[in-house]
$ cat protein03.tsv   # TSV, N, CA and C atoms and all ligand atoms
chain	number	residue	atom	x	y	z
A	78	MET	N	4.63	21.86	5.44
A	78	MET	CA	5.36	20.61	5.74
A	78	MET	C	6.51	20.88	6.70
A	79	PRO	N	6.73	19.99	7.66
A	79	PRO	CA	7.89	20.15	8.56
A	79	PRO	C	9.18	20.08	7.76
A	80	GLU	N	10.06	21.07	7.96
A	80	GLU	CA	11.22	21.22	7.08
A	80	GLU	C	12.15	20.02	7.05
A	81	ASN	N	12.36	19.43	8.20
A	81	ASN	CA	13.31	18.31	8.17
A	81	ASN	C	12.64	16.96	8.26
A	82	CYS	N	11.41	16.88	7.76
A	82	CYS	CA	10.77	15.56	7.68
A	82	CYS	C	11.37	14.80	6.50
A	83	LEU	N	11.96	13.66	6.81
A	83	LEU	CA	12.64	12.85	5.81
A	83	LEU	C	11.72	12.49	4.64
A	84	PHE	N	10.52	12.01	4.95
A	84	PHE	CA	9.65	11.54	3.88
A	84	PHE	C	9.00	12.69	3.11
A	85	CYS	N	8.82	13.85	3.75
A	85	CYS	CA	8.39	15.02	2.98
A	85	CYS	C	9.46	15.39	1.96
A	86	ARG	N	10.71	15.27	2.36
A	86	ARG	CA	11.80	15.62	1.44
A	86	ARG	C	11.89	14.62	0.30
A	87	ILE	N	11.61	13.36	0.59
A	87	ILE	CA	11.55	12.36	-0.49
A	87	ILE	C	10.36	12.64	-1.40
A	88	ALA	N	9.22	12.99	-0.80
A	88	ALA	CA	8.02	13.29	-1.60
A	88	ALA	C	8.24	14.49	-2.51
A	89	ASP	N	9.02	15.44	-2.03
A	89	ASP	CA	9.33	16.64	-2.81
A	89	ASP	C	10.49	16.45	-3.78
A	90	LYS	N	11.05	15.24	-3.78
A	90	LYS	CA	12.19	14.88	-4.65
A	90	LYS	C	13.44	15.69	-4.29
A	91	GLN	N	13.50	16.16	-3.04
A	91	GLN	CA	14.72	16.84	-2.56
A	91	GLN	C	15.75	15.82	-2.11
A	92	LEU	N	15.28	14.65	-1.72
A	92	LEU	CA	16.15	13.55	-1.32
A	92	LEU	C	15.88	12.38	-2.25
A	93	PRO	N	16.95	11.67	-2.63
A	93	PRO	CA	16.75	10.55	-3.55
A	93	PRO	C	16.08	9.35	-2.89
A	94	ALA	N	15.33	8.61	-3.67
A	94	ALA	CA	14.75	7.34	-3.22
A	94	ALA	C	14.49	6.52	-4.48
A	95	LYS	N	14.45	5.21	-4.31
A	95	LYS	CA	14.15	4.34	-5.45
A	95	LYS	C	12.65	4.26	-5.58
A	96	ILE	N	12.11	5.16	-6.40
A	96	ILE	CA	10.66	5.28	-6.54
A	96	ILE	C	10.11	4.14	-7.40
A	97	VAL	N	9.02	3.56	-6.92
A	97	VAL	CA	8.40	2.42	-7.59
A	97	VAL	C	7.15	2.86	-8.35
A	98	ALA	N	6.38	3.74	-7.74
A	98	ALA	CA	5.13	4.19	-8.36
A	98	ALA	C	4.65	5.45	-7.66
A	99	GLU	N	3.76	6.12	-8.34
A	99	GLU	CA	3.27	7.40	-7.83
A	99	GLU	C	1.83	7.59	-8.27
A	100	SER	N	1.04	8.21	-7.41
A	100	SER	CA	-0.31	8.60	-7.81
A	100	SER	C	-0.45	10.08	-7.44
A	101	GLU	N	-1.64	10.60	-7.62
A	101	GLU	CA	-1.82	12.03	-7.33
A	101	GLU	C	-1.45	12.35	-5.88
A	102	HIS	N	-1.86	11.50	-4.96
A	102	HIS	CA	-1.69	11.81	-3.54
A	102	HIS	C	-0.74	10.91	-2.78
A	103	ALA	N	-0.12	9.93	-3.46
A	103	ALA	CA	0.75	8.99	-2.74
A	103	ALA	C	1.99	8.66	-3.57
A	104	LEU	N	3.01	8.20	-2.84
A	104	LEU	CA	4.29	7.86	-3.48
A	104	LEU	C	4.78	6.55	-2.88
A	105	ALA	N	5.33	5.67	-3.73
A	105	ALA	CA	5.86	4.39	-3.26
A	105	ALA	C	7.33	4.29	-3.62
A	106	PHE	N	8.16	3.89	-2.65
A	106	PHE	CA	9.59	3.75	-2.90
A	106	PHE	C	10.15	2.63	-2.03
A	107	HIS	N	11.28	2.08	-2.47
A	107	HIS	CA	11.89	0.96	-1.75
A	107	HIS	C	12.43	1.41	-0.39
A	108	ASP	N	12.20	0.58	0.63
A	108	ASP	CA	12.76	0.83	1.95
A	108	ASP	C	14.28	0.69	1.87
A	109	ILE	N	14.99	1.56	2.62
A	109	ILE	CA	16.45	1.58	2.59
A	109	ILE	C	17.04	0.36	3.30
A	110	ALA	N	16.28	-0.26	4.17
A	110	ALA	CA	16.75	-1.43	4.93
A	110	ALA	C	15.70	-2.54	4.83
A	111	PRO	N	15.63	-3.18	3.65
A	111	PRO	CA	14.53	-4.11	3.39
A	111	PRO	C	14.48	-5.30	4.35
A	112	GLN	N	13.28	-5.60	4.83
A	112	GLN	CA	13.06	-6.72	5.75
A	112	GLN	C	12.46	-7.92	5.04
A	113	ALA	N	12.33	-7.84	3.74
A	113	ALA	CA	11.77	-8.93	2.92
A	113	ALA	C	12.25	-8.67	1.50
A	114	PRO	N	12.18	-9.68	0.63
A	114	PRO	CA	12.61	-9.48	-0.77
A	114	PRO	C	11.92	-8.28	-1.43
A	115	VAL	N	10.66	-8.07	-1.09
A	115	VAL	CA	9.97	-6.84	-1.51
A	115	VAL	C	9.64	-6.06	-0.24
A	116	HIS	N	10.16	-4.85	-0.14
A	116	HIS	CA	9.84	-3.99	1.01
A	116	HIS	C	9.74	-2.56	0.49
A	117	VAL	N	8.50	-2.17	0.26
A	117	VAL	CA	8.21	-0.85	-0.32
A	117	VAL	C	7.45	-0.03	0.71
A	118	LEU	N	7.79	1.23	0.80
A	118	LEU	CA	7.05	2.16	1.66
A	118	LEU	C	6.10	2.97	0.80
A	119	VAL	N	4.88	3.12	1.27
A	119	VAL	CA	3.88	3.93	0.55
A	119	VAL	C	3.47	5.06	1.48
A	120	ILE	N	3.66	6.29	1.01
A	120	ILE	CA	3.38	7.46	1.85
A	120	ILE	C	2.37	8.38	1.17
A	121	PRO	N	1.59	9.10	1.97
A	121	PRO	CA	0.83	10.21	1.37
A	121	PRO	C	1.83	11.33	1.06
A	122	LYS	N	1.61	12.05	-0.03
A	122	LYS	CA	2.52	13.15	-0.36
A	122	LYS	C	2.40	14.28	0.66
A	123	ALA	N	1.23	14.44	1.23
A	123	ALA	CA	1.04	15.45	2.27
A	123	ALA	C	1.51	14.90	3.61
A	124	HIS	N	1.93	15.78	4.48
A	124	HIS	CA	2.47	15.34	5.77
A	124	HIS	C	1.38	15.07	6.79
A	125	TYR	N	1.36	13.83	7.29
A	125	TYR	CA	0.60	13.47	8.49
A	125	TYR	C	1.57	12.69	9.36
A	126	ALA	N	1.69	13.07	10.61
A	126	ALA	CA	2.71	12.46	11.46
A	126	ALA	C	2.48	10.96	11.62
A	127	SER	N	1.23	10.56	11.65
A	127	SER	CA	0.92	9.13	11.80
A	127	SER	C	-0.52	8.91	11.36
A	128	LEU	N	-0.92	7.66	11.39
A	128	LEU	CA	-2.33	7.33	11.08
A	128	LEU	C	-3.27	8.09	12.00
A	129	ALA	N	-2.85	8.26	13.24
A	129	ALA	CA	-3.70	8.94	14.23
A	129	ALA	C	-3.98	10.39	13.85
A	130	GLU	N	-3.13	10.97	13.02
A	130	GLU	CA	-3.26	12.39	12.65
A	130	GLU	C	-4.09	12.60	11.40
A	131	THR	N	-4.55	11.53	10.75
A	131	THR	CA	-5.28	11.73	9.50
A	131	THR	C	-6.70	12.23	9.79
A	132	PRO	N	-7.18	13.14	8.97
A	132	PRO	CA	-8.49	13.74	9.23
A	132	PRO	C	-9.65	12.83	8.88
A	133	ASP	N	-9.44	11.95	7.92
A	133	ASP	CA	-10.51	11.04	7.48
A	133	ASP	C	-9.88	9.89	6.69
A	134	GLY	N	-10.72	9.03	6.17
A	134	GLY	CA	-10.23	7.83	5.51
A	134	GLY	C	-9.61	8.05	4.14
A	135	SER	N	-9.70	9.27	3.63
A	135	SER	CA	-9.22	9.49	2.26
A	135	SER	C	-7.71	9.34	2.15
A	136	VAL	N	-6.99	9.67	3.21
A	136	VAL	CA	-5.53	9.58	3.17
A	136	VAL	C	-5.11	8.11	3.01
A	137	MET	N	-5.66	7.25	3.88
A	137	MET	CA	-5.30	5.83	3.78
A	137	MET	C	-5.87	5.19	2.53
A	138	ALA	N	-6.96	5.75	2.02
A	138	ALA	CA	-7.51	5.22	0.77
A	138	ALA	C	-6.49	5.37	-0.35
A	139	ALA	N	-5.85	6.54	-0.42
A	139	ALA	CA	-4.84	6.77	-1.45
A	139	ALA	C	-3.63	5.88	-1.23
A	140	VAL	N	-3.24	5.71	0.04
A	140	VAL	CA	-2.07	4.87	0.36
A	140	VAL	C	-2.37	3.40	0.01
A	141	SER	N	-3.51	2.90	0.42
A	141	SER	CA	-3.79	1.48	0.19
A	141	SER	C	-4.03	1.20	-1.29
A	142	GLU	N	-4.59	2.16	-1.99
A	142	GLU	CA	-4.80	1.98	-3.43
A	142	GLU	C	-3.46	1.85	-4.16
A	143	LEU	N	-2.49	2.69	-3.77
A	143	LEU	CA	-1.17	2.61	-4.42
A	143	LEU	C	-0.44	1.33	-3.98
A	144	ALA	N	-0.59	0.93	-2.71
A	144	ALA	CA	0.05	-0.31	-2.25
A	144	ALA	C	-0.46	-1.50	-3.05
A	145	LYS	N	-1.76	-1.54	-3.27
A	145	LYS	CA	-2.38	-2.62	-4.05
A	145	LYS	C	-1.85	-2.63	-5.49
A	146	GLN	N	-1.71	-1.45	-6.06
A	146	GLN	CA	-1.19	-1.33	-7.42
A	146	GLN	C	0.27	-1.80	-7.50
A	147	VAL	N	1.07	-1.41	-6.51
A	147	VAL	CA	2.49	-1.81	-6.50
A	147	VAL	C	2.60	-3.33	-6.35
A	148	ALA	N	1.79	-3.92	-5.48
A	148	ALA	CA	1.82	-5.38	-5.30
A	148	ALA	C	1.53	-6.08	-6.63
A	149	ARG	N	0.59	-5.53	-7.36
A	149	ARG	CA	0.25	-6.09	-8.67
A	149	ARG	C	1.43	-5.92	-9.63
A	150	GLU	N	1.99	-4.72	-9.67
A	150	GLU	CA	3.06	-4.42	-10.62
A	150	GLU	C	4.34	-5.20	-10.31
A	151	LEU	N	4.60	-5.47	-9.04
A	151	LEU	CA	5.81	-6.20	-8.67
A	151	LEU	C	5.59	-7.71	-8.68
A	152	GLY	N	4.38	-8.13	-9.03
A	152	GLY	CA	4.12	-9.54	-9.25
A	152	GLY	C	3.97	-10.38	-7.99
A	153	VAL	N	3.58	-9.74	-6.89
A	153	VAL	CA	3.44	-10.50	-5.64
A	153	VAL	C	1.97	-10.66	-5.21
A	154	GLU	N	1.08	-10.17	-6.04
A	154	GLU	CA	-0.34	-10.19	-5.66
A	154	GLU	C	-0.85	-11.62	-5.44
A	155	ALA	N	-0.48	-12.53	-6.34
A	155	ALA	CA	-1.01	-13.89	-6.24
A	155	ALA	C	-0.47	-14.61	-5.01
A	156	ALA	N	0.82	-14.45	-4.74
A	156	ALA	CA	1.44	-15.14	-3.60
A	156	ALA	C	1.01	-14.51	-2.27
A	157	GLY	N	0.71	-13.24	-2.31
A	157	GLY	CA	0.26	-12.54	-1.10
A	157	GLY	C	1.31	-11.61	-0.54
A	158	TYR	N	0.88	-10.79	0.36
A	158	TYR	CA	1.77	-9.78	0.92
A	158	TYR	C	1.19	-9.26	2.22
A	159	ARG	N	1.97	-8.44	2.91
A	159	ARG	CA	1.51	-7.85	4.17
A	159	ARG	C	1.66	-6.34	4.08
A	160	VAL	N	0.67	-5.63	4.57
A	160	VAL	CA	0.73	-4.17	4.65
A	160	VAL	C	0.65	-3.79	6.12
A	161	VAL	N	1.65	-3.02	6.58
A	161	VAL	CA	1.77	-2.69	8.00
A	161	VAL	C	1.88	-1.18	8.16
A	162	VAL	N	1.15	-0.65	9.12
A	162	VAL	CA	1.26	0.78	9.44
A	162	VAL	C	1.63	0.91	10.92
A	163	ASN	N	2.91	0.99	11.20
A	163	ASN	CA	3.35	1.18	12.58
A	163	ASN	C	2.93	2.58	13.03
A	164	THR	N	2.31	2.65	14.21
A	164	THR	CA	1.75	3.92	14.68
A	164	THR	C	2.15	4.18	16.12
A	165	GLY	N	2.90	5.26	16.33
A	165	GLY	CA	3.28	5.64	17.69
A	165	GLY	C	4.38	4.76	18.26
A	166	ASP	N	4.74	5.02	19.52
A	166	ASP	CA	5.88	4.34	20.14
A	166	ASP	C	5.67	2.84	20.26
A	167	ASP	N	4.55	2.43	20.82
A	167	ASP	CA	4.32	1.00	20.97
A	167	ASP	C	4.15	0.32	19.62
A	168	GLY	N	3.72	1.07	18.62
A	168	GLY	CA	3.59	0.51	17.28
A	168	GLY	C	4.92	0.35	16.57
A	169	GLY	N	5.98	0.93	17.15
A	169	GLY	CA	7.31	0.80	16.56
A	169	GLY	C	7.59	1.81	15.47
A	170	GLN	N	6.82	2.91	15.44
A	170	GLN	CA	7.04	3.92	14.40
A	170	GLN	C	8.30	4.72	14.69
A	171	THR	N	9.19	4.82	13.70
A	171	THR	CA	10.43	5.59	13.88
A	171	THR	C	10.49	6.82	12.99
A	172	VAL	N	9.79	6.80	11.86
A	172	VAL	CA	9.75	7.98	10.99
A	172	VAL	C	8.34	8.56	11.10
A	173	HIS	N	8.28	9.83	11.50
A	173	HIS	CA	7.00	10.42	11.86
A	173	HIS	C	6.35	11.17	10.70
A	174	HIS	N	6.24	10.43	9.60
A	174	HIS	CA	5.43	10.80	8.44
A	174	HIS	C	4.72	9.50	8.08
A	175	LEU	N	3.41	9.52	8.12
A	175	LEU	CA	2.62	8.30	7.88
A	175	LEU	C	3.16	7.50	6.70
A	176	HIS	N	3.30	6.21	6.90
A	176	HIS	CA	3.73	5.33	5.81
A	176	HIS	C	3.20	3.93	6.04
A	177	ALA	N	2.94	3.23	4.95
A	177	ALA	CA	2.59	1.82	5.01
A	177	ALA	C	3.76	1.02	4.46
A	178	HIS	N	4.11	-0.06	5.15
A	178	HIS	CA	5.11	-0.99	4.65
A	178	HIS	C	4.39	-2.05	3.82
A	179	LEU	N	4.83	-2.26	2.59
A	179	LEU	CA	4.37	-3.37	1.78
A	179	LEU	C	5.48	-4.42	1.78
A	180	LEU	N	5.20	-5.56	2.41
A	180	LEU	CA	6.21	-6.61	2.57
A	180	LEU	C	5.75	-7.85	1.81
A	181	ALA	N	6.68	-8.44	1.06
A	181	ALA	CA	6.31	-9.61	0.25
A	181	ALA	C	7.55	-10.36	-0.18
A	182	GLY	N	7.32	-11.52	-0.79
A	182	GLY	CA	8.42	-12.29	-1.33
A	182	GLY	C	8.92	-13.37	-0.40
A	183	ARG	N	8.33	-13.49	0.76
A	183	ARG	CA	8.62	-14.60	1.67
A	183	ARG	C	7.39	-14.82	2.55
A	184	GLN	N	7.36	-15.98	3.20
A	184	GLN	CA	6.26	-16.25	4.12
A	184	GLN	C	6.40	-15.36	5.35
A	185	MET	N	5.37	-14.59	5.65
A	185	MET	CA	5.38	-13.76	6.85
A	185	MET	C	5.00	-14.62	8.06
A	186	THR	N	5.43	-14.21	9.21
A	186	THR	CA	5.09	-14.95	10.42
A	186	THR	C	4.14	-14.14	11.29
A	187	TRP	N	3.48	-14.83	12.20
A	187	TRP	CA	2.54	-14.19	13.13
A	187	TRP	C	2.66	-14.91	14.46
A	188	PRO	N	2.70	-14.27	15.59
A	188	PRO	CA	2.54	-12.83	15.77
A	188	PRO	C	3.81	-12.07	15.36
A	189	PRO	N	3.62	-10.78	15.01
A	189	PRO	CA	4.75	-9.93	14.67
A	189	PRO	C	5.55	-9.63	15.93
A	190	GLY	N	6.80	-9.25	15.76
A	190	GLY	CA	7.65	-8.96	16.91
A	190	GLY	C	7.27	-7.67	17.59
A	201	LIG	P1	8.83	2.73	10.83
A	201	LIG	O1	9.78	2.08	11.78
A	201	LIG	O2	8.64	4.18	11.15
A	201	LIG	O3	7.54	1.99	10.67
A	201	LIG	O4	9.50	2.61	9.41
A	201	LIG	C1	10.42	3.51	8.91
A	201	LIG	C2	11.08	2.86	7.73
A	201	LIG	O5	11.74	3.84	6.98
A	201	LIG	C3	12.13	1.80	8.12
A	201	LIG	O6	11.77	0.55	7.55
A	201	LIG	C4	13.42	2.36	7.54
A	201	LIG	O7	14.27	1.36	7.02
A	201	LIG	C5	12.92	3.29	6.46
A	201	LIG	N1	13.80	4.42	6.19
A	201	LIG	C6	14.40	5.23	7.10
A	201	LIG	N2	15.12	6.17	6.48
A	201	LIG	C7	14.95	5.97	5.15
A	201	LIG	C8	15.46	6.64	3.99
A	201	LIG	O8	16.18	7.64	4.04
A	201	LIG	N3	15.08	6.16	2.78
A	201	LIG	C9	14.27	5.06	2.67
A	201	LIG	N4	13.97	4.65	1.44
A	201	LIG	N5	13.78	4.40	3.73
A	201	LIG	C10	14.11	4.85	4.96
A	202	ZN	ZN	6.50	14.62	6.33
$ encode --input "protein03.tsv" --output "structure tokens"
Amino acid sequence: MPENCLFCRIADKQLPAKIVAESEHALAFHDIAPQAPVHVLVIPKAHYASLAETPDGSVMAAVSELAKQVARELGVEAAGYRVVVNTGDDGGQTVHHLHAHLLAGRQMTWPPG
């Protein structure tokens, strides 16, 4: 793992985060700067710089499975939610450890900014 990767350090519990749920291969925690009433980040515990770096679909399978579980546990499944994976510069990715944003609790708009 890259030593100063922020999300690797959160995954290793070296840095604090408000953890919501955990599975064997993924971790969910509240975003530090929430953009919606519910804004949870779901990361693979292993380091992949972005979606583009994943070797196969198993990484996102673990991430999406935990995102779905968190949506259910936080009570937003019925109302709906949005899952976003910003990838690369044009995608707006700022933290280079793959993560999915789970956004909920308000009406989302389209197109995204
Ligand atoms: P990106 O822009 O890469 O798609 O999303 C990165 C997200 O990580 C942002 O929503 C940002 O608020 C969040 N973030 C950045 N640093 C931290 C941190 O130290 N802890 C937590 N919980 N979230 C962070
Ligand atoms: Zn990392």
$ residues_near_point --input "protein03.tsv" --point "(4.3, 5.5, -6.3)" --cutoff "8 Å" --atoms "only C-alpha atoms" --output "list of chain:residue names"
A:Ile96, A:Val97, A:Ala98, A:Glu99, A:Ser100, A:Ala103, A:Leu104, A:Ala105, A:Phe106, A:Val119, A:Leu143, A:Val147
$ write_last_selection --input "protein03.tsv" --atoms "N, CA and C atoms" --output "PDB file, keeping the file's coordinate frame"
ATOM      1  N   ILE A  96      12.110   5.160  -6.400  1.00  0.00           N
ATOM      2  CA  ILE A  96      10.660   5.280  -6.540  1.00  0.00           C
ATOM      3  C   ILE A  96      10.110   4.140  -7.400  1.00  0.00           C
ATOM      4  N   VAL A  97       9.020   3.560  -6.920  1.00  0.00           N
ATOM      5  CA  VAL A  97       8.400   2.420  -7.590  1.00  0.00           C
ATOM      6  C   VAL A  97       7.150   2.860  -8.350  1.00  0.00           C
ATOM      7  N   ALA A  98       6.380   3.740  -7.740  1.00  0.00           N
ATOM      8  CA  ALA A  98       5.130   4.190  -8.360  1.00  0.00           C
ATOM      9  C   ALA A  98       4.650   5.450  -7.660  1.00  0.00           C
ATOM     10  N   GLU A  99       3.760   6.120  -8.340  1.00  0.00           N
ATOM     11  CA  GLU A  99       3.270   7.400  -7.830  1.00  0.00           C
ATOM     12  C   GLU A  99       1.830   7.590  -8.270  1.00  0.00           C
ATOM     13  N   SER A 100       1.040   8.210  -7.410  1.00  0.00           N
ATOM     14  CA  SER A 100      -0.310   8.600  -7.810  1.00  0.00           C
ATOM     15  C   SER A 100      -0.450  10.080  -7.440  1.00  0.00           C
ATOM     16  N   ALA A 103      -0.120   9.930  -3.460  1.00  0.00           N
ATOM     17  CA  ALA A 103       0.750   8.990  -2.740  1.00  0.00           C
ATOM     18  C   ALA A 103       1.990   8.660  -3.570  1.00  0.00           C
ATOM     19  N   LEU A 104       3.010   8.200  -2.840  1.00  0.00           N
ATOM     20  CA  LEU A 104       4.290   7.860  -3.480  1.00  0.00           C
ATOM     21  C   LEU A 104       4.780   6.550  -2.880  1.00  0.00           C
ATOM     22  N   ALA A 105       5.330   5.670  -3.730  1.00  0.00           N
ATOM     23  CA  ALA A 105       5.860   4.390  -3.260  1.00  0.00           C
ATOM     24  C   ALA A 105       7.330   4.290  -3.620  1.00  0.00           C
ATOM     25  N   PHE A 106       8.160   3.890  -2.650  1.00  0.00           N
ATOM     26  CA  PHE A 106       9.590   3.750  -2.900  1.00  0.00           C
ATOM     27  C   PHE A 106      10.150   2.630  -2.030  1.00  0.00           C
ATOM     28  N   VAL A 119       4.880   3.120   1.270  1.00  0.00           N
ATOM     29  CA  VAL A 119       3.880   3.930   0.550  1.00  0.00           C
ATOM     30  C   VAL A 119       3.470   5.060   1.480  1.00  0.00           C
ATOM     31  N   LEU A 143      -2.490   2.690  -3.770  1.00  0.00           N
ATOM     32  CA  LEU A 143      -1.170   2.610  -4.420  1.00  0.00           C
ATOM     33  C   LEU A 143      -0.440   1.330  -3.980  1.00  0.00           C
ATOM     34  N   VAL A 147       1.070  -1.410  -6.510  1.00  0.00           N
ATOM     35  CA  VAL A 147       2.490  -1.810  -6.500  1.00  0.00           C
ATOM     36  C   VAL A 147       2.600  -3.330  -6.350  1.00  0.00           C
TER      37      VAL A 147
END
$ residues_near_ligand --input "protein03.tsv" --ligand "ligand LIG 201 (chain A)" --cutoff "7 Å" --atoms "only N, CA and C atoms and all ligand atoms" --output "list of chain:residue names"
A:Leu83, A:Pro93, A:Ala94, A:Lys95, A:Phe106, A:His107, A:Asp108, A:Ile109, A:Ala110, A:Pro111, A:Gln112, A:Val161, A:Val162, A:Asn163, A:Thr164, A:Gly168, A:Gly169, A:Gln170, A:Thr171, A:Val172, A:His173, A:His174, A:His176, A:His178
$ closest_atom_pairs --input "protein03.tsv" --of "chain A" --to "ligand ZN 202 (chain A)" --cutoff "12 Å" --atoms "only C-alpha atoms and all ligand atoms" --output "CSV"
residue,atom,partner,partner_atom,distance
A:Met78,CA,A:ZN202,ZN,6.1
A:Pro79,CA,A:ZN202,ZN,6.1
A:Glu80,CA,A:ZN202,ZN,8.1
A:Asn81,CA,A:ZN202,ZN,8.0
A:Cys82,CA,A:ZN202,ZN,4.6
A:Leu83,CA,A:ZN202,ZN,6.4
A:Phe84,CA,A:ZN202,ZN,5.0
A:Cys85,CA,A:ZN202,ZN,3.9
A:Arg86,CA,A:ZN202,ZN,7.3
A:Ile87,CA,A:ZN202,ZN,8.8
A:Ala88,CA,A:ZN202,ZN,8.2
A:Asp89,CA,A:ZN202,ZN,9.8
A:Ile120,CA,A:ZN202,ZN,9.0
A:Pro121,CA,A:ZN202,ZN,8.7
A:Lys122,CA,A:ZN202,ZN,7.9
A:Ala123,CA,A:ZN202,ZN,6.9
A:His124,CA,A:ZN202,ZN,4.1
A:Tyr125,CA,A:ZN202,ZN,6.4
A:Ala126,CA,A:ZN202,ZN,6.7
A:Ser127,CA,A:ZN202,ZN,9.5
A:Glu130,CA,A:ZN202,ZN,11.8
A:Val172,CA,A:ZN202,ZN,8.7
A:His173,CA,A:ZN202,ZN,7.0
A:His174,CA,A:ZN202,ZN,4.5
A:Leu175,CA,A:ZN202,ZN,7.6
A:His176,CA,A:ZN202,ZN,9.7
$ write_last_selection --input "protein03.tsv" --atoms "N, CA and C atoms" --output "tab-separated table (two decimals), keeping the file's coordinate frame"
chain	number	residue	atom	x	y	z
A	78	MET	N	4.63	21.86	5.44
A	78	MET	CA	5.36	20.61	5.74
A	78	MET	C	6.51	20.88	6.70
A	79	PRO	N	6.73	19.99	7.66
A	79	PRO	CA	7.89	20.15	8.56
A	79	PRO	C	9.18	20.08	7.76
A	80	GLU	N	10.06	21.07	7.96
A	80	GLU	CA	11.22	21.22	7.08
A	80	GLU	C	12.15	20.02	7.05
A	81	ASN	N	12.36	19.43	8.20
A	81	ASN	CA	13.31	18.31	8.17
A	81	ASN	C	12.64	16.96	8.26
A	82	CYS	N	11.41	16.88	7.76
A	82	CYS	CA	10.77	15.56	7.68
A	82	CYS	C	11.37	14.80	6.50
A	83	LEU	N	11.96	13.66	6.81
A	83	LEU	CA	12.64	12.85	5.81
A	83	LEU	C	11.72	12.49	4.64
A	84	PHE	N	10.52	12.01	4.95
A	84	PHE	CA	9.65	11.54	3.88
A	84	PHE	C	9.00	12.69	3.11
A	85	CYS	N	8.82	13.85	3.75
A	85	CYS	CA	8.39	15.02	2.98
A	85	CYS	C	9.46	15.39	1.96
A	86	ARG	N	10.71	15.27	2.36
A	86	ARG	CA	11.80	15.62	1.44
A	86	ARG	C	11.89	14.62	0.30
A	87	ILE	N	11.61	13.36	0.59
A	87	ILE	CA	11.55	12.36	-0.49
A	87	ILE	C	10.36	12.64	-1.40
A	88	ALA	N	9.22	12.99	-0.80
A	88	ALA	CA	8.02	13.29	-1.60
A	88	ALA	C	8.24	14.49	-2.51
A	89	ASP	N	9.02	15.44	-2.03
A	89	ASP	CA	9.33	16.64	-2.81
A	89	ASP	C	10.49	16.45	-3.78
A	120	ILE	N	3.66	6.29	1.01
A	120	ILE	CA	3.38	7.46	1.85
A	120	ILE	C	2.37	8.38	1.17
A	121	PRO	N	1.59	9.10	1.97
A	121	PRO	CA	0.83	10.21	1.37
A	121	PRO	C	1.83	11.33	1.06
A	122	LYS	N	1.61	12.05	-0.03
A	122	LYS	CA	2.52	13.15	-0.36
A	122	LYS	C	2.40	14.28	0.66
A	123	ALA	N	1.23	14.44	1.23
A	123	ALA	CA	1.04	15.45	2.27
A	123	ALA	C	1.51	14.90	3.61
A	124	HIS	N	1.93	15.78	4.48
A	124	HIS	CA	2.47	15.34	5.77
A	124	HIS	C	1.38	15.07	6.79
A	125	TYR	N	1.36	13.83	7.29
A	125	TYR	CA	0.60	13.47	8.49
A	125	TYR	C	1.57	12.69	9.36
A	126	ALA	N	1.69	13.07	10.61
A	126	ALA	CA	2.71	12.46	11.46
A	126	ALA	C	2.48	10.96	11.62
A	127	SER	N	1.23	10.56	11.65
A	127	SER	CA	0.92	9.13	11.80
A	127	SER	C	-0.52	8.91	11.36
A	130	GLU	N	-3.13	10.97	13.02
A	130	GLU	CA	-3.26	12.39	12.65
A	130	GLU	C	-4.09	12.60	11.40
A	172	VAL	N	9.79	6.80	11.86
A	172	VAL	CA	9.75	7.98	10.99
A	172	VAL	C	8.34	8.56	11.10
A	173	HIS	N	8.28	9.83	11.50
A	173	HIS	CA	7.00	10.42	11.86
A	173	HIS	C	6.35	11.17	10.70
A	174	HIS	N	6.24	10.43	9.60
A	174	HIS	CA	5.43	10.80	8.44
A	174	HIS	C	4.72	9.50	8.08
A	175	LEU	N	3.41	9.52	8.12
A	175	LEU	CA	2.62	8.30	7.88
A	175	LEU	C	3.16	7.50	6.70
A	176	HIS	N	3.30	6.21	6.90
A	176	HIS	CA	3.73	5.33	5.81
A	176	HIS	C	3.20	3.93	6.04
$ atom_distance --input "protein03.tsv" --atom1 "atom N of Gly157 (chain A)" --atom2 "CA of Leu180 (chain A)"
9.9 Å
$ atom_distance --input "protein03.tsv" --atom1 "atom C of Ala177 (chain A)" --atom2 "CA of Gln91 (chain A)"
20.5 Å
$ select_by_dssp --input "protein03.tsv" --residues "region 94-168 of chain A" --states "helix (DSSP H, G or I)" --output "PyMOL selection string"
chain A and resi 128-130+135-150+165-168
$ atom_distance --input "protein03.tsv" --atom1 "atom C of Ala113 (chain A)" --atom2 "CA of Gly182 (chain A)"
6.0 Å
